$ cat coords_12.pdb   # PDB, C-alpha atoms
ATOM      1  CA  MET A1078      -2.108 -38.509 109.214  1.00  0.00           C
ATOM      2  CA  LYS A1079       0.185 -35.813 107.824  1.00  0.00           C
ATOM      3  CA  LYS A1080      -2.673 -33.331 107.894  1.00  0.00           C
ATOM      4  CA  SER A1081      -3.407 -34.065 111.577  1.00  0.00           C
ATOM      5  CA  LEU A1082       0.250 -33.612 112.476  1.00  0.00           C
ATOM      6  CA  ILE A1083       0.395 -30.250 110.680  1.00  0.00           C
ATOM      7  CA  ILE A1084      -2.776 -29.094 112.453  1.00  0.00           C
ATOM      8  CA  ALA A1085      -1.409 -30.180 115.856  1.00  0.00           C
ATOM      9  CA  ILE A1086       1.908 -28.385 115.302  1.00  0.00           C
ATOM     10  CA  SER A1087       0.095 -25.246 114.107  1.00  0.00           C
ATOM     11  CA  ALA A1088      -2.103 -25.292 117.201  1.00  0.00           C
ATOM     12  CA  LEU A1089       0.934 -25.586 119.491  1.00  0.00           C
ATOM     13  CA  LEU A1090       2.675 -22.730 117.713  1.00  0.00           C
ATOM     14  CA  GLY A1091      -0.503 -20.678 118.024  1.00  0.00           C
ATOM     15  CA  LEU A1092      -0.593 -21.309 121.775  1.00  0.00           C
ATOM     16  CA  GLY A1093       3.025 -20.208 122.036  1.00  0.00           C
ATOM     17  CA  ALA A1094       2.158 -16.989 120.230  1.00  0.00           C
ATOM     18  CA  CYS A1095      -0.693 -16.350 122.674  1.00  0.00           C
ATOM     19  CA  ASP A1096       1.714 -16.774 125.574  1.00  0.00           C
ATOM     20  CA  THR A1097       4.036 -14.184 124.049  1.00  0.00           C
ATOM     21  CA  MET A1098       1.143 -11.757 123.787  1.00  0.00           C
ATOM     22  CA  THR A1099       0.303 -12.144 127.482  1.00  0.00           C
ATOM     23  CA  THR A1100       3.797 -11.014 128.454  1.00  0.00           C
ATOM     24  CA  ASN A1101       3.487  -7.779 126.521  1.00  0.00           C
ATOM     25  CA  LEU A1102       3.456  -4.421 128.323  1.00  0.00           C
ATOM     26  CA  GLU A1103       1.007  -2.938 125.805  1.00  0.00           C
ATOM     27  CA  GLY A1104      -2.021  -1.240 127.312  1.00  0.00           C
ATOM     28  CA  LYS A1105      -3.067   0.673 130.398  1.00  0.00           C
ATOM     29  CA  TRP A1106      -1.913  -0.438 133.868  1.00  0.00           C
ATOM     30  CA  GLN A1107      -3.364   0.934 137.109  1.00  0.00           C
ATOM     31  CA  LEU A1108      -1.020   1.111 140.090  1.00  0.00           C
ATOM     32  CA  ASN A1109      -2.515  -0.727 143.087  1.00  0.00           C
ATOM     33  CA  GLN A1110       0.238  -0.697 145.661  1.00  0.00           C
ATOM     34  CA  ILE A1111       3.759   0.426 146.412  1.00  0.00           C
ATOM     35  CA  GLU A1112       5.873  -1.655 148.773  1.00  0.00           C
ATOM     36  CA  SER A1113       8.850   0.014 150.454  1.00  0.00           C
ATOM     37  CA  GLU A1114      10.853  -0.985 153.542  1.00  0.00           C
ATOM     38  CA  GLY A1115       8.117  -3.354 154.712  1.00  0.00           C
ATOM     39  CA  ASN A1116       5.352  -0.774 154.277  1.00  0.00           C
ATOM     40  CA  VAL A1117       2.557  -1.168 151.747  1.00  0.00           C
ATOM     41  CA  ALA A1118       0.712   1.863 150.387  1.00  0.00           C
ATOM     42  CA  THR A1119      -2.514   1.413 148.449  1.00  0.00           C
ATOM     43  CA  VAL A1120      -2.771   3.533 145.306  1.00  0.00           C
ATOM     44  CA  ASP A1121      -5.589   3.942 142.787  1.00  0.00           C
ATOM     45  CA  THR A1122      -4.843   7.242 141.052  1.00  0.00           C
ATOM     46  CA  VAL A1123      -1.803   6.373 138.911  1.00  0.00           C
ATOM     47  CA  TRP A1124      -1.619   4.677 135.508  1.00  0.00           C
ATOM     48  CA  TYR A1125       1.279   3.657 133.284  1.00  0.00           C
ATOM     49  CA  ASN A1126       0.251   3.441 129.618  1.00  0.00           C
ATOM     50  CA  PHE A1127       2.339   1.601 127.022  1.00  0.00           C
ATOM     51  CA  GLN A1128       1.928   1.653 123.252  1.00  0.00           C
ATOM     52  CA  THR A1129       4.869   0.177 121.330  1.00  0.00           C
ATOM     53  CA  THR A1130       7.812   2.342 122.469  1.00  0.00           C
ATOM     54  CA  LEU A1131       5.577   5.192 123.666  1.00  0.00           C
ATOM     55  CA  PHE A1132       4.790   5.739 127.333  1.00  0.00           C
ATOM     56  CA  GLN A1133       2.379   7.925 129.294  1.00  0.00           C
ATOM     57  CA  TYR A1134       2.460   8.494 133.060  1.00  0.00           C
ATOM     58  CA  GLN A1135      -1.025   9.539 134.183  1.00  0.00           C
ATOM     59  CA  ILE A1136      -2.141  10.763 137.620  1.00  0.00           C
ATOM     60  CA  TYR A1137      -5.629  11.628 138.810  1.00  0.00           C
ATOM     61  CA  ASP A1138      -5.530  14.632 141.158  1.00  0.00           C
ATOM     62  CA  ARG A1139      -8.551  14.379 143.465  1.00  0.00           C
ATOM     63  CA  SER A1140      -8.084  17.905 144.834  1.00  0.00           C
ATOM     64  CA  SER A1141      -8.577  19.504 141.412  1.00  0.00           C
ATOM     65  CA  ASP A1142     -10.602  16.671 139.817  1.00  0.00           C
ATOM     66  CA  ASN A1143      -8.156  16.706 136.890  1.00  0.00           C
ATOM     67  CA  TYR A1144      -5.662  14.370 135.282  1.00  0.00           C
ATOM     68  CA  ARG A1145      -1.981  15.219 135.082  1.00  0.00           C
ATOM     69  CA  TYR A1146       0.140  13.381 132.561  1.00  0.00           C
ATOM     70  CA  SER A1147       3.457  13.300 130.833  1.00  0.00           C
ATOM     71  CA  TYR A1148       4.460  11.504 127.656  1.00  0.00           C
ATOM     72  CA  GLY A1149       7.694   9.707 126.963  1.00  0.00           C
ATOM     73  CA  TYR A1150       9.293   6.494 125.784  1.00  0.00           C
ATOM     74  CA  ASN A1151       9.796   3.009 127.131  1.00  0.00           C
ATOM     75  CA  PHE A1152      12.742   0.754 126.390  1.00  0.00           C
ATOM     76  CA  TYR A1153      12.098  -2.878 127.366  1.00  0.00           C
ATOM     77  CA  GLU A1154      14.624  -5.671 126.975  1.00  0.00           C
ATOM     78  CA  GLY A1155      14.805  -8.896 128.955  1.00  0.00           C
ATOM     79  CA  ASP A1156      13.634  -7.978 132.440  1.00  0.00           C
ATOM     80  CA  GLN A1157      14.902  -4.387 132.248  1.00  0.00           C
ATOM     81  CA  LEU A1158      12.558  -1.478 131.576  1.00  0.00           C
ATOM     82  CA  THR A1159      13.658   2.125 131.182  1.00  0.00           C
ATOM     83  CA  LEU A1160      11.003   4.835 131.197  1.00  0.00           C
ATOM     84  CA  GLN A1161      11.879   8.283 129.948  1.00  0.00           C
ATOM     85  CA  LEU A1162       9.546  11.260 130.374  1.00  0.00           C
ATOM     86  CA  LEU A1163       9.666  14.174 127.961  1.00  0.00           C
ATOM     87  CA  SER A1164       8.657  17.784 128.416  1.00  0.00           C
ATOM     88  CA  ASP A1165       5.341  17.042 126.756  1.00  0.00           C
ATOM     89  CA  PRO A1166       2.815  18.608 127.244  1.00  0.00           C
ATOM     90  CA  ARG A1167       4.564  20.632 130.006  1.00  0.00           C
ATOM     91  CA  PRO A1168       8.146  20.750 131.264  1.00  0.00           C
ATOM     92  CA  VAL A1169       8.934  17.434 132.930  1.00  0.00           C
ATOM     93  CA  GLN A1170      10.313  19.272 135.991  1.00  0.00           C
ATOM     94  CA  GLU A1171       6.783  20.567 136.670  1.00  0.00           C
ATOM     95  CA  PHE A1172       5.388  17.009 136.533  1.00  0.00           C
ATOM     96  CA  LEU A1173       7.987  15.210 138.683  1.00  0.00           C
ATOM     97  CA  PRO A1174       6.837  16.683 142.054  1.00  0.00           C
ATOM     98  CA  TYR A1175       3.553  14.748 141.628  1.00  0.00           C
ATOM     99  CA  THR A1176       5.485  11.472 141.328  1.00  0.00           C
ATOM    100  CA  ASP A1177       8.077   9.616 143.376  1.00  0.00           C
ATOM    101  CA  TRP A1178      10.581  10.009 140.534  1.00  0.00           C
ATOM    102  CA  THR A1179      13.593  12.284 141.026  1.00  0.00           C
ATOM    103  CA  GLU A1180      14.628  12.424 137.359  1.00  0.00           C
ATOM    104  CA  ALA A1181      12.979  12.231 133.946  1.00  0.00           C
ATOM    105  CA  THR A1182      14.436   8.757 133.316  1.00  0.00           C
ATOM    106  CA  ARG A1183      13.928   5.779 135.598  1.00  0.00           C
ATOM    107  CA  ASP A1184      15.078   2.163 135.370  1.00  0.00           C
ATOM    108  CA  PHE A1185      12.904  -0.728 136.554  1.00  0.00           C
ATOM    109  CA  THR A1186      13.253  -4.468 136.821  1.00  0.00           C
ATOM    110  CA  VAL A1187      10.195  -6.297 135.521  1.00  0.00           C
ATOM    111  CA  GLU A1188       9.480  -8.951 138.145  1.00  0.00           C
ATOM    112  CA  LYS A1189       6.253 -10.130 136.551  1.00  0.00           C
ATOM    113  CA  VAL A1190       4.132  -9.291 133.536  1.00  0.00           C
ATOM    114  CA  SER A1191       1.025 -11.247 132.602  1.00  0.00           C
ATOM    115  CA  ASN A1192      -2.269 -10.420 130.962  1.00  0.00           C
ATOM    116  CA  THR A1193      -3.587  -9.133 134.320  1.00  0.00           C
ATOM    117  CA  GLN A1194      -0.644  -8.073 136.500  1.00  0.00           C
ATOM    118  CA  LEU A1195       2.571  -6.076 136.182  1.00  0.00           C
ATOM    119  CA  VAL A1196       5.137  -5.939 138.991  1.00  0.00           C
ATOM    120  CA  LEU A1197       8.063  -3.525 138.717  1.00  0.00           C
ATOM    121  CA  SER A1198      10.874  -2.782 141.149  1.00  0.00           C
ATOM    122  CA  SER A1199      13.147   0.242 141.298  1.00  0.00           C
ATOM    123  CA  GLU A1200      15.182   2.094 143.906  1.00  0.00           C
ATOM    124  CA  GLY A1201      14.104  -0.192 146.755  1.00  0.00           C
ATOM    125  CA  LYS A1202      10.407  -0.001 145.896  1.00  0.00           C
ATOM    126  CA  ARG A1203       8.065  -2.568 144.397  1.00  0.00           C
ATOM    127  CA  TYR A1204       5.139  -1.394 142.240  1.00  0.00           C
ATOM    128  CA  VAL A1205       2.142  -3.677 141.662  1.00  0.00           C
ATOM    129  CA  PHE A1206      -0.210  -2.842 138.774  1.00  0.00           C
ATOM    130  CA  LYS A1207      -3.344  -4.439 137.397  1.00  0.00           C
ATOM    131  CA  LYS A1208      -4.403  -4.301 133.760  1.00  0.00           C
ATOM    132  CA  TYR A1209      -7.005  -1.568 133.401  1.00  0.00           C
TER     133      TYR A1209
END

$ encode --input "coords_12.pdb" --output "structure tokens"
Amino acid sequence: MKKSLIIAISALLGLGACDTMTTNLEGKWQLNQIESEGNVATVDTVWYNFQTTLFQYQIYDRSSDNYRYSYGYNFYEGDQLTLQLLSDPRPVQEFLPYTDWTEATRDFTVEKVSNTQLVLSSEGKRYVFKKY
């Protein structure tokens, strides 16, 4: 009986650990849509990549058939996410015109994060991503 109880508790703890993993930002997220002032824009050329505290903003430029990207850091606590771009590999001021960011650092509220969807909001816009 004791053995069965230990196995049951271990299984429940294991399920709890799996749930924690599904709320992790780790991985590559493709932006699908941006909602702003009642308008919805479909997007398929932008990715946010998270690895521990590292961050990469990646954009596919159809006109040149090349990828543009900038590296940085992410700071995630509670439902608050701060993304900070660095001048790596090029000056961040050269990268920003390809984004809707006005500065190298941007704060987001994490509305939802699961193993398949990420929803962020910032500056009156809502960003919906799918796991890539």

$ closest_residue --input "coords_12.pdb" --among "A:Pro1166, A:Tyr1150, A:Phe1206, A:Lys1189" --to "Gln1110 of chain A" --atoms "only C-alpha atoms"
A:Phe1206

$ resolve_selection --input "coords_12.pdb" --expression "the PyMOL selection byres ((chain A and resi 1156) around 7)" --output "PyMOL selection string"
chain A and resi 1154-1155+1157-1158+1186-1187

$ residues_around --input "coords_12.pdb" --residues "Ala1118 of chain A" --least-positions-apart "5" --cutoff "12 Å" --atoms "all atoms listed in the file" --output "number ranges by chain"
A: 1108-1113, 1202-1205

$ write_last_selection --input "coords_12.pdb" --atoms "C-alpha atoms" --output "PDB file, in the coordinates of the input"
ATOM      1  CA  LEU A1108      -1.020   1.111 140.090  1.00  0.00           C
ATOM      2  CA  ASN A1109      -2.515  -0.727 143.087  1.00  0.00           C
ATOM      3  CA  GLN A1110       0.238  -0.697 145.661  1.00  0.00           C
ATOM      4  CA  ILE A1111       3.759   0.426 146.412  1.00  0.00           C
ATOM      5  CA  GLU A1112       5.873  -1.655 148.773  1.00  0.00           C
ATOM      6  CA  SER A1113       8.850   0.014 150.454  1.00  0.00           C
ATOM      7  CA  LYS A1202      10.407  -0.001 145.896  1.00  0.00           C
ATOM      8  CA  ARG A1203       8.065  -2.568 144.397  1.00  0.00           C
ATOM      9  CA  TYR A1204       5.139  -1.394 142.240  1.00  0.00           C
ATOM     10  CA  VAL A1205       2.142  -3.677 141.662  1.00  0.00           C
TER      11      VAL A1205
END

$ closest_residue --input "coords_12.pdb" --among "A:Ser1164, A:Thr1119, A:Gln1107, A:Thr1159" --to "Ser1199 of chain A" --atoms "only C-alpha atoms"
A:Thr1159

$ residues_around --input "coords_12.pdb" --residues "segment 1135-1139 of chain A" --least-positions-apart "3" --cutoff "9 Å" --atoms "all atoms listed in the file" --output "PyMOL selection string"
chain A and resi 1121-1126+1142-1148+1175-1176

$ atom_distance --input "coords_12.pdb" --atom1 "atom CA of Phe1127 of chain A" --atom2 "atom CA of Val1190 of chain A"
12.8 Å

$ closest_residue --input "coords_12.pdb" --among "A:Gln1133, A:Ser1191, A:Ser1141, A:Leu1102" --to "Phe1172 of chain A" --atoms "all atoms listed in the file"
A:Gln1133

$ atom_distance --input "coords_12.pdb" --atom1 "atom CA of Glu1188 of chain A" --atom2 "atom CA of Gly1115 of chain A"
17.5 Å

$ atom_distance --input "coords_12.pdb" --atom1 "atom CA of Glu1180 of chain A" --atom2 "atom CA of Pro1168 of chain A"
12.2 Å

$ closest_residue --input "coords_12.pdb" --among "A:Gln1128, A:Asn1101, A:Gln1161, A:Ser1140" --to "Arg1183 of chain A" --atoms "only C-alpha atoms"
A:Gln1161

$ axis_aligned_box --input "coords_12.pdb" --around "segment 1146-1158 of chain A" --padding-each-side "8 Å" --output "lines of an AutoDock Vina configuration file"
center_x = 7.5
center_y = 2.2
center_z = 129.2
size_x = 30.8
size_y = 38.3
size_z = 22.8

$ closest_residue --input "coords_12.pdb" --among "A:Ala1181, A:Leu1163, A:Leu1173, A:Leu1131" --to "Gly1104 of chain A" --atoms "all atoms listed in the file"
A:Leu1131

$ closest_residue --input "coords_12.pdb" --among "A:Trp1106, A:Glu1114, A:Leu1162, A:Gln1170" --to "Glu1200 of chain A" --atoms "only C-alpha atoms"
A:Glu1114

$ build_atoms --input "coords_12.pdb" --residues "segment 1110-1121 of chain A" --atoms "all heavy atoms" --output "PDB file, keeping the file's coordinate frame"
ATOM      1  N   GLN A1110      -0.489  -0.841 144.411  1.00  0.00           N
ATOM      2  CA  GLN A1110       0.238  -0.697 145.661  1.00  0.00           C
ATOM      3  C   GLN A1110       1.722  -0.473 145.421  1.00  0.00           C
ATOM      4  O   GLN A1110       2.273  -0.891 144.406  1.00  0.00           O
ATOM      5  CB  GLN A1110       0.027  -1.891 146.581  1.00  0.00           C
ATOM      6  CG  GLN A1110       0.560  -3.206 146.072  1.00  0.00           C
ATOM      7  CD  GLN A1110       0.227  -4.352 147.020  1.00  0.00           C
ATOM      8  OE1 GLN A1110      -0.790  -4.324 147.700  1.00  0.00           O
ATOM      9  NE2 GLN A1110       1.070  -5.356 147.061  1.00  0.00           N
ATOM     10  N   ILE A1111       2.321   0.206 146.397  1.00  0.00           N
ATOM     11  CA  ILE A1111       3.759   0.426 146.412  1.00  0.00           C
ATOM     12  C   ILE A1111       4.279  -0.153 147.720  1.00  0.00           C
ATOM     13  O   ILE A1111       3.787   0.181 148.795  1.00  0.00           O
ATOM     14  CB  ILE A1111       4.116   1.923 146.331  1.00  0.00           C
ATOM     15  CG1 ILE A1111       3.551   2.548 145.055  1.00  0.00           C
ATOM     16  CG2 ILE A1111       5.631   2.111 146.389  1.00  0.00           C
ATOM     17  CD1 ILE A1111       3.699   4.064 144.987  1.00  0.00           C
ATOM     18  N   GLU A1112       5.261  -1.045 147.599  1.00  0.00           N
ATOM     19  CA  GLU A1112       5.873  -1.655 148.773  1.00  0.00           C
ATOM     20  C   GLU A1112       7.266  -1.063 148.950  1.00  0.00           C
ATOM     21  O   GLU A1112       8.049  -1.017 148.010  1.00  0.00           O
ATOM     22  CB  GLU A1112       5.975  -3.164 148.590  1.00  0.00           C
ATOM     23  CG  GLU A1112       4.637  -3.840 148.359  1.00  0.00           C
ATOM     24  CD  GLU A1112       4.758  -5.296 147.937  1.00  0.00           C
ATOM     25  OE1 GLU A1112       5.875  -5.856 148.000  1.00  0.00           O
ATOM     26  OE2 GLU A1112       3.743  -5.862 147.535  1.00  0.00           O
ATOM     27  N   SER A1113       7.549  -0.583 150.172  1.00  0.00           N
ATOM     28  CA  SER A1113       8.850   0.014 150.454  1.00  0.00           C
ATOM     29  C   SER A1113       9.196  -0.186 151.926  1.00  0.00           C
ATOM     30  O   SER A1113       8.403   0.179 152.795  1.00  0.00           O
ATOM     31  CB  SER A1113       8.819   1.511 150.133  1.00  0.00           C
ATOM     32  OG  SER A1113      10.041   2.122 150.446  1.00  0.00           O
ATOM     33  N   GLU A1114      10.358  -0.779 152.175  1.00  0.00           N
ATOM     34  CA  GLU A1114      10.853  -0.985 153.542  1.00  0.00           C
ATOM     35  C   GLU A1114       9.814  -1.645 154.444  1.00  0.00           C
ATOM     36  O   GLU A1114       9.609  -1.237 155.587  1.00  0.00           O
ATOM     37  CB  GLU A1114      11.327   0.335 154.136  1.00  0.00           C
ATOM     38  CG  GLU A1114      12.471   0.960 153.377  1.00  0.00           C
ATOM     39  CD  GLU A1114      12.902   2.308 153.935  1.00  0.00           C
ATOM     40  OE1 GLU A1114      12.354   2.743 154.974  1.00  0.00           O
ATOM     41  OE2 GLU A1114      13.789   2.917 153.321  1.00  0.00           O
ATOM     42  N   GLY A1115       9.117  -2.634 153.927  1.00  0.00           N
ATOM     43  CA  GLY A1115       8.117  -3.354 154.712  1.00  0.00           C
ATOM     44  C   GLY A1115       6.762  -2.688 154.790  1.00  0.00           C
ATOM     45  O   GLY A1115       5.822  -3.250 155.346  1.00  0.00           O
ATOM     46  N   ASN A1116       6.632  -1.483 154.282  1.00  0.00           N
ATOM     47  CA  ASN A1116       5.352  -0.774 154.277  1.00  0.00           C
ATOM     48  C   ASN A1116       4.667  -0.949 152.929  1.00  0.00           C
ATOM     49  O   ASN A1116       5.326  -0.965 151.888  1.00  0.00           O
ATOM     50  CB  ASN A1116       5.559   0.723 154.536  1.00  0.00           C
ATOM     51  CG  ASN A1116       6.171   0.972 155.900  1.00  0.00           C
ATOM     52  OD1 ASN A1116       5.769   0.382 156.891  1.00  0.00           O
ATOM     53  ND2 ASN A1116       7.162   1.846 155.946  1.00  0.00           N
ATOM     54  N   VAL A1117       3.347  -1.040 152.975  1.00  0.00           N
ATOM     55  CA  VAL A1117       2.557  -1.168 151.747  1.00  0.00           C
ATOM     56  C   VAL A1117       1.571  -0.009 151.685  1.00  0.00           C
ATOM     57  O   VAL A1117       0.784   0.192 152.601  1.00  0.00           O
ATOM     58  CB  VAL A1117       1.791  -2.515 151.700  1.00  0.00           C
ATOM     59  CG1 VAL A1117       0.933  -2.598 150.457  1.00  0.00           C
ATOM     60  CG2 VAL A1117       2.762  -3.688 151.757  1.00  0.00           C
ATOM     61  N   ALA A1118       1.640   0.746 150.598  1.00  0.00           N
ATOM     62  CA  ALA A1118       0.712   1.863 150.387  1.00  0.00           C
ATOM     63  C   ALA A1118      -0.229   1.499 149.245  1.00  0.00           C
ATOM     64  O   ALA A1118       0.217   1.066 148.182  1.00  0.00           O
ATOM     65  CB  ALA A1118       1.474   3.132 150.042  1.00  0.00           C
ATOM     66  N   THR A1119      -1.519   1.664 149.482  1.00  0.00           N
ATOM     67  CA  THR A1119      -2.514   1.413 148.449  1.00  0.00           C
ATOM     68  C   THR A1119      -2.654   2.653 147.579  1.00  0.00           C
ATOM     69  O   THR A1119      -2.721   3.777 148.086  1.00  0.00           O
ATOM     70  CB  THR A1119      -3.879   1.065 149.086  1.00  0.00           C
ATOM     71  OG1 THR A1119      -3.698  -0.077 149.928  1.00  0.00           O
ATOM     72  CG2 THR A1119      -4.908   0.749 148.027  1.00  0.00           C
ATOM     73  N   VAL A1120      -2.701   2.435 146.272  1.00  0.00           N
ATOM     74  CA  VAL A1120      -2.771   3.533 145.306  1.00  0.00           C
ATOM     75  C   VAL A1120      -3.848   3.188 144.278  1.00  0.00           C
ATOM     76  O   VAL A1120      -3.980   2.035 143.881  1.00  0.00           O
ATOM     77  CB  VAL A1120      -1.422   3.713 144.573  1.00  0.00           C
ATOM     78  CG1 VAL A1120      -1.469   4.870 143.606  1.00  0.00           C
ATOM     79  CG2 VAL A1120      -0.282   3.861 145.558  1.00  0.00           C
ATOM     80  N   ASP A1121      -4.612   4.191 143.851  1.00  0.00           N
ATOM     81  CA  ASP A1121      -5.589   3.942 142.787  1.00  0.00           C
ATOM     82  C   ASP A1121      -5.723   5.129 141.835  1.00  0.00           C
ATOM     83  O   ASP A1121      -6.670   5.232 141.075  1.00  0.00           O
ATOM     84  CB  ASP A1121      -6.955   3.566 143.358  1.00  0.00           C
ATOM     85  CG  ASP A1121      -7.615   4.704 144.130  1.00  0.00           C
ATOM     86  OD1 ASP A1121      -6.989   5.760 144.322  1.00  0.00           O
ATOM     87  OD2 ASP A1121      -8.770   4.529 144.551  1.00  0.00           O
TER      88      ASP A1121
END
